[in-house]
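**Student:** So here's data.txt (compact mmCIF, C-alpha atoms).
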```txt
# COMPACT_ATOMS: atom_id res chain seq x y z
CA MET A 1 -26.52 -21.67 -27.28
CA PHE A 2 -23.10 -23.30 -27.25
CA SER A 3 -21.37 -19.92 -26.99
CA VAL A 4 -23.53 -18.98 -24.00
CA VAL A 5 -22.64 -22.21 -22.21
CA ALA A 6 -18.97 -21.71 -23.03
CA ALA A 7 -19.10 -18.14 -21.76
CA GLN A 8 -20.72 -19.30 -18.53
CA ALA A 9 -18.08 -21.99 -18.07
CA THR A 10 -15.31 -19.47 -18.70
CA SER A 11 -16.82 -17.00 -16.25
CA SER A 12 -17.26 -19.69 -13.61
CA ALA A 13 -13.67 -20.88 -14.08
CA TRP A 14 -12.37 -17.32 -13.81
CA LEU A 15 -14.29 -16.68 -10.58
CA SER A 16 -13.09 -19.97 -9.14
CA GLY A 17 -9.52 -19.07 -10.07
CA ALA A 18 -9.81 -15.67 -8.42
CA GLY A 19 -11.18 -17.24 -5.25
CA THR A 20 -8.49 -19.89 -5.21
CA GLY A 21 -5.80 -17.27 -5.78
CA ILE A 22 -6.96 -15.10 -2.89
CA GLY A 23 -7.08 -18.15 -0.64
CA LEU A 24 -3.53 -19.15 -1.56
CA PHE A 25 -1.89 -15.72 -1.71
CA ALA A 26 -3.57 -13.73 1.06
CA VAL A 27 -1.21 -14.92 3.78
CA VAL A 28 1.67 -13.19 5.55
CA GLY A 29 4.83 -14.82 4.31
CA ALA A 30 8.36 -13.93 3.28
CA GLN A 31 7.28 -12.21 0.07
CA SER A 32 4.60 -10.23 1.90
CA ALA A 33 7.06 -9.05 4.54
CA PHE A 34 9.48 -7.89 1.83
CA ILE A 35 6.81 -6.04 -0.17
CA LEU A 36 5.50 -4.43 3.03
CA ARG A 37 8.93 -3.03 3.85
CA GLN A 38 9.48 -1.73 0.32
CA GLY A 39 6.03 -0.14 0.36
CA ILE A 40 6.64 1.64 3.65
CA LEU A 41 10.05 2.80 2.43
CA ARG A 42 8.45 3.92 -0.84
CA GLN A 43 11.45 2.45 -2.62
CA HIS A 44 10.97 0.82 -6.02
CA VAL A 45 7.47 -0.38 -5.12
CA ILE A 46 6.19 -0.58 -8.70
CA PRO A 47 9.23 -2.52 -10.02
CA VAL A 48 8.98 -4.93 -7.08
CA ILE A 49 5.26 -5.49 -7.63
CA ALA A 50 5.79 -5.85 -11.38
CA THR A 51 8.57 -8.41 -10.84
CA CYS A 52 6.49 -10.50 -8.45
CA PHE A 53 3.45 -10.29 -10.72
CA ALA A 54 5.35 -11.24 -13.87
CA ILE A 55 6.80 -14.30 -12.14
CA ASP A 56 3.43 -15.28 -10.68
CA ALA A 57 1.65 -14.92 -14.02
CA ALA A 58 4.28 -16.85 -15.97
CA PHE A 59 4.37 -19.77 -13.55
CA ILE A 60 0.60 -19.87 -13.02
CA PHE A 61 -0.08 -20.27 -16.75
CA ALA A 62 2.84 -22.69 -17.07
CA SER A 63 1.54 -24.75 -14.16
CA VAL A 64 -1.91 -24.99 -15.68
CA ALA A 65 -0.26 -26.00 -18.97
CA GLY A 66 1.56 -28.84 -17.20
CA LEU A 67 4.57 -27.48 -15.34
CA ARG A 68 3.72 -29.48 -12.22
CA THR A 69 4.68 -32.67 -14.07
CA LEU A 70 8.27 -31.41 -14.06
CA THR A 71 8.56 -31.71 -10.28
CA ASN A 72 7.00 -35.17 -10.47
CA GLN A 73 9.61 -36.30 -12.98
CA LEU A 74 12.48 -34.56 -11.17
CA PRO A 75 11.82 -35.07 -7.44
CA TRP A 76 15.32 -33.84 -6.57
CA LEU A 77 14.31 -30.40 -7.85
CA THR A 78 11.95 -30.00 -4.90
CA THR A 79 14.79 -30.76 -2.46
CA VAL A 80 17.12 -28.27 -4.13
CA LEU A 81 14.45 -25.56 -4.01
CA LEU A 82 13.63 -26.33 -0.39
CA TRP A 83 17.20 -25.96 0.90
CA GLY A 84 17.87 -23.04 -1.41
CA GLY A 85 14.81 -21.37 0.07
CA VAL A 86 16.00 -22.08 3.61
CA ALA A 87 19.39 -20.48 2.87
CA PHE A 88 17.76 -17.44 1.24
CA LEU A 89 15.33 -16.91 4.12
CA VAL A 90 18.07 -17.27 6.74
CA TRP A 91 20.26 -14.74 4.94
CA TYR A 92 17.48 -12.17 4.69
CA ALA A 93 16.38 -12.83 8.28
CA LEU A 94 19.93 -12.08 9.45
CA GLN A 95 19.92 -8.82 7.48
CA SER A 96 16.62 -7.81 9.08
CA ALA A 97 17.87 -8.79 12.55
CA ARG A 98 21.02 -6.72 12.02
CA ARG A 99 18.95 -3.66 11.09
CA ALA A 100 16.68 -4.23 14.10
CA MET A 101 19.62 -4.35 16.51
CA ALA A 102 21.68 -1.56 14.96
CA GLY A 103 18.83 0.76 14.00
CA GLY A 104 19.13 3.05 11.02
CA GLY A 105 16.58 1.20 8.90
CA GLY A 106 14.59 4.34 8.26
CA MET A 107 13.33 6.24 5.28
CA GLN A 108 16.64 7.39 3.82
CA MET A 109 17.23 6.43 0.20
CA ASP A 110 20.19 4.48 -1.07
CA ASP A 111 22.84 6.65 -2.73
CA SER A 112 22.86 4.34 -5.74
CA ALA A 113 19.22 4.36 -6.78
CA GLU A 114 19.72 2.25 -9.91
CA SER A 115 21.71 -0.40 -8.06
CA SER A 116 19.15 -0.41 -5.28
CA ARG A 117 16.37 -0.92 -7.81
CA ARG A 118 18.13 -3.93 -9.30
CA ALA A 119 18.78 -5.34 -5.84
CA ALA A 120 15.12 -4.89 -4.89
CA MET A 121 13.94 -6.62 -8.06
CA LEU A 122 16.38 -9.50 -7.57
CA ALA A 123 15.21 -9.89 -3.97
CA ALA A 124 11.58 -9.87 -5.16
CA ALA A 125 12.41 -12.61 -7.67
CA GLY A 126 14.16 -14.58 -4.94
CA PHE A 127 11.21 -14.36 -2.55
CA SER A 128 8.98 -15.60 -5.37
CA VAL A 129 10.98 -18.42 -6.95
CA ILE A 130 13.38 -19.58 -4.20
CA ASN A 131 10.41 -20.45 -2.06
CA PRO A 132 9.02 -24.00 -1.71
CA HIS A 133 5.60 -22.57 -0.80
CA PHE A 134 5.53 -20.88 -4.20
CA TRP A 135 6.07 -24.21 -5.94
CA LEU A 136 3.49 -25.91 -3.74
CA ASP A 137 0.98 -23.24 -4.73
CA MET A 138 1.81 -23.83 -8.40
CA VAL A 139 1.21 -27.57 -8.04
CA VAL A 140 -2.12 -26.93 -6.30
CA ILE A 141 -3.19 -24.45 -8.98
CA GLY A 142 -2.29 -26.84 -11.79
CA SER A 143 -4.14 -29.70 -10.14
CA ILE A 144 -7.32 -27.69 -9.55
CA ALA A 145 -7.24 -26.27 -13.08
CA ASP A 146 -7.54 -29.77 -14.55
CA ASN A 147 -11.10 -29.89 -13.23
CA PHE A 148 -12.14 -27.08 -15.60
CA GLY A 149 -11.26 -28.82 -18.86
CA HIS A 150 -11.15 -26.40 -21.78
CA ALA A 151 -11.81 -23.49 -19.41
CA ARG A 152 -8.65 -24.15 -17.38
CA MET A 153 -6.85 -21.11 -18.84
CA ALA A 154 -9.75 -18.95 -17.67
CA PHE A 155 -9.15 -20.43 -14.23
CA ALA A 156 -5.48 -19.47 -14.56
CA ALA A 157 -6.49 -15.93 -15.57
CA GLY A 158 -8.59 -15.71 -12.41
CA VAL A 159 -5.63 -16.75 -10.27
CA VAL A 160 -3.44 -14.18 -12.03
CA THR A 161 -6.07 -11.52 -11.33
CA ALA A 162 -6.00 -12.43 -7.65
CA SER A 163 -2.21 -12.19 -7.65
CA ALA A 164 -2.34 -8.70 -9.18
CA MET A 165 -4.91 -7.53 -6.62
CA TRP A 166 -3.03 -8.93 -3.63
CA LEU A 167 0.38 -7.62 -4.69
CA THR A 168 -1.01 -4.16 -5.44
CA ALA A 169 -2.89 -4.03 -2.15
CA GLN A 170 0.27 -4.91 -0.25
CA GLY A 171 2.67 -2.60 -2.05
CA LEU A 172 0.51 0.48 -2.42
CA GLY A 173 -1.48 -0.05 0.76
CA ALA A 174 1.74 -0.15 2.79
CA ARG A 175 2.33 3.49 1.82
CA LEU A 176 -0.53 4.47 4.10
CA LEU A 177 1.53 3.16 7.02
CA ALA A 178 4.53 5.35 6.16
CA PRO A 179 3.63 8.17 8.64
CA LEU A 180 3.83 5.64 11.47
CA PHE A 181 7.45 4.93 10.61
CA ASP A 182 8.93 8.37 11.16
CA LYS A 183 10.49 7.12 14.39
CA PRO A 184 13.56 4.83 14.22
CA GLY A 185 12.12 2.66 17.00
CA THR A 186 9.17 1.71 14.81
CA TRP A 187 11.56 0.52 12.10
CA ARG A 188 13.41 -1.62 14.61
CA VAL A 189 10.12 -3.29 15.56
CA LEU A 190 9.25 -3.90 11.89
CA ASP A 191 12.68 -5.32 11.05
CA GLY A 192 12.62 -7.45 14.18
CA THR A 193 9.19 -8.79 13.24
CA ILE A 194 10.34 -9.56 9.70
CA ALA A 195 13.40 -11.36 11.08
CA VAL A 196 11.18 -13.52 13.30
CA ILE A 197 8.75 -14.33 10.46
CA LEU A 198 11.53 -15.32 8.07
CA SER A 199 13.34 -17.33 10.74
CA VAL A 200 10.19 -19.29 11.59
CA LEU A 201 9.56 -19.97 7.89
CA ALA A 202 13.18 -21.11 7.43
CA LEU A 203 12.97 -23.40 10.47
CA THR A 204 9.66 -24.86 9.30
CA LEU A 205 11.09 -25.62 5.87
CA ALA A 206 14.29 -27.06 7.34
CA LEU A 207 12.32 -29.40 9.62
CA ARG A 208 10.27 -30.49 6.65
CA GLY A 209 13.45 -31.21 4.69
CA VAL A 210 15.00 -33.22 7.52
CA GLY A 211 11.76 -35.09 8.13
```
Is it possible to give me this structure as C-alpha cells?

**Tutor:**
Amino acid sequence: MFSVVAAQATSSAWLSGAGTGIGLFAVVGAQSAFILRQGILRQHVIPVIATCFAIDAAFIFASVAGLRTLTNQLPWLTTVLLWGGVAFLVWYALQSARRAMAGGGGMQMDDSAESSRRAAMLAAAGFSVINPHFWLDMVVIGSIADNFGHARMAFAAGVVTASAMWLTAQGLGARLLAPLFDKPGTWRVLDGTIAVILSVLALTLALRGVG
C-alpha cells in the first residue's frame, strides 16, 4: 500500500514538474532565438541542444537540492549575472543587427567547422547561464519543489523532461522552416527580429538593474 502511495506521489510530482517546466520554458527569449537560427541554418543543432539541455538538467537538480540558497547568501551574485547578461545580449544583438544590415547571413557553412561548433556551444552555454531569467527560473523551480517533500526529485525530473521536449522542438522543428530561408532577404528579416528581441531583453534587464 505504501509503495502505491509513493508511486502516485512520484507520478504526480513528475507531472507537476513537466507542467511547470513547459510554463517556464515555452517562451520566446534569447536562447530560443539562438536555437531557432541554428536550427534553420542546420549548423551544430544537436550539440547546441545537448549543451542547453545538460546545463538545464544540472541546474534544475541542483536548484531542487538547494542551489537557490546560494543567491540568497550572495546577493551580489545576482547583480553580477544581471549586468553580465546585459553585456552578452547587447553584444549578440549587435552581431545580429550587423548581419541584418549587411546581408550574407544565409545558409553557407563556416570554413572551420570544428571552430564553429565550439563557438556555437559556447554561445549556447552563454544564453543559458549568463541570463538572469535562467536564474530566476531556477529559484522558482527550487521553491516549488519544496512542496513535494520526498518526491521533489521527481518534480525536478519532470522539469528536465519539459526542457528536453522544448529544446528538441525548437532545434529540430526549426529545420522545417529552412526552405523559407533560401532568399537572403528572409535572413535579414530573421536577424533583424533577433536583434530587436535581444535588445529589448537587454534594455529590460538594464532598467531592472538600475531600478

**Student:** Of the candidates A:Ser199, A:Thr79, A:Ser12, A:Thr51, which shows the shortest atom-to-atom distance to Thr168 (chain A), using all atoms listed in the file?

**Tutor:**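 Among A:Ser199, A:Thr79, A:Ser12, A:Thr51, it is A:Thr51 that comes nearest to Thr168 (chain A).
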
**Student:** I'd like a table as a Markdown table: residues in region 118-197 of chain A with an atom no more than 8 Å from region 86-97 of chain A, each row giving the shortest atom pair and its distance in Å to one decimal, only C-alpha atoms counted, sorted by chain and rising residue number.

**Tutor:**
```
| residue | atom | partner | partner_atom | distance |
| --- | --- | --- | --- | --- |
| A:Gly126 | CA | A:Phe88 | CA | 7.7 |
| A:Ile130 | CA | A:Phe88 | CA | 7.3 |
| A:Asp191 | CA | A:Ser96 | CA | 5.1 |
| A:Gly192 | CA | A:Ala97 | CA | 5.7 |
| A:Ile194 | CA | A:Ser96 | CA | 6.5 |
| A:Ala195 | CA | A:Ala93 | CA | 4.3 |
| A:Val196 | CA | A:Ala93 | CA | 7.3 |
```

**Student:** What does the distance between CA of Trp187 (chain A) and CA of Ala123 (chain A) come to in Å, to one decimal place?

**Tutor:**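 Computed distance, CA of Trp187 (chain A) to CA of Ala123 (chain A), equals 19.5 Å.
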
**Student:** List as an MDAnalysis selection string the protein and nucleic acid residues near Ala164 (chain A), meaning an atom at most 10 Å away when all atoms listed in the file are counted, but skip any in the same chain fewer than 4 places from it.

**Tutor:** chainID A and resid 21 49:50 52:54 56:57 158:160 168:169

**Student:** Do a neighbour search on Ile141 (chain A) at 8 Å with all atoms listed in the file, toss out local chain neighbours closer than 4 positions, and write the hits as a ChimeraX atom specification.

**Tutor:** /A:20,60,63-64,137,145,156

**Student:** Find the residue from A:Ala178, A:Leu172, A:Leu190, A:Met138 that sits nearest to Ala100 (chain A); use all atoms listed in the file when measuring.

**Tutor:** A:Leu190

**Student:** Quick one: of A:Gly29, A:Gly171, A:Pro47, A:Gly66, who's nearest to Val140 (chain A), counting only C-alpha atoms?

**Tutor:**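 Closest to Val140 (chain A), using only C-alpha atoms: A:Gly66.
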
**Student:** Could you please determine the separation between CA of Ile46 (chain A) and CA of Trp14 (chain A) in Å, to one decimal place?

**Tutor:** 25.5 Å

**Student:** Between CA of Arg152 (chain A) and CA of Ala18 (chain A), measure the distance and give it in Å to one decimal.

**Tutor:**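 Computing it gives 12.4 Å between the two atoms.
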
**Student:** Go through A:Ala62, A:Val48, A:Leu207, A:Leu167 one by one, measure the shortest atom-to-atom distance of each to Ala119 (chain A) using only C-alpha atoms, and give the residue with the smallest value.

**Tutor:**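 Residue with the minimum atom-to-atom distance to Ala119 (chain A): A:Val48.
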
**Student:** With distances taken over only C-alpha atoms, which of A:Leu205, A:Ile22, A:Ala124, A:Ala9 is nearest to Ile35 (chain A)?

**Tutor:**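 The shortest atom-to-atom distance to Ile35 (chain A) comes from A:Ala124.
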
**Student:** Using all atoms listed in the file for the distances, tell me which of A:Ser163, A:Ser116, A:Thr204, A:Ser128 is nearest to Val45 (chain A).

**Tutor:**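 Once distances to Val45 (chain A) are computed over all atoms listed in the file, the minimum belongs to A:Ser116.
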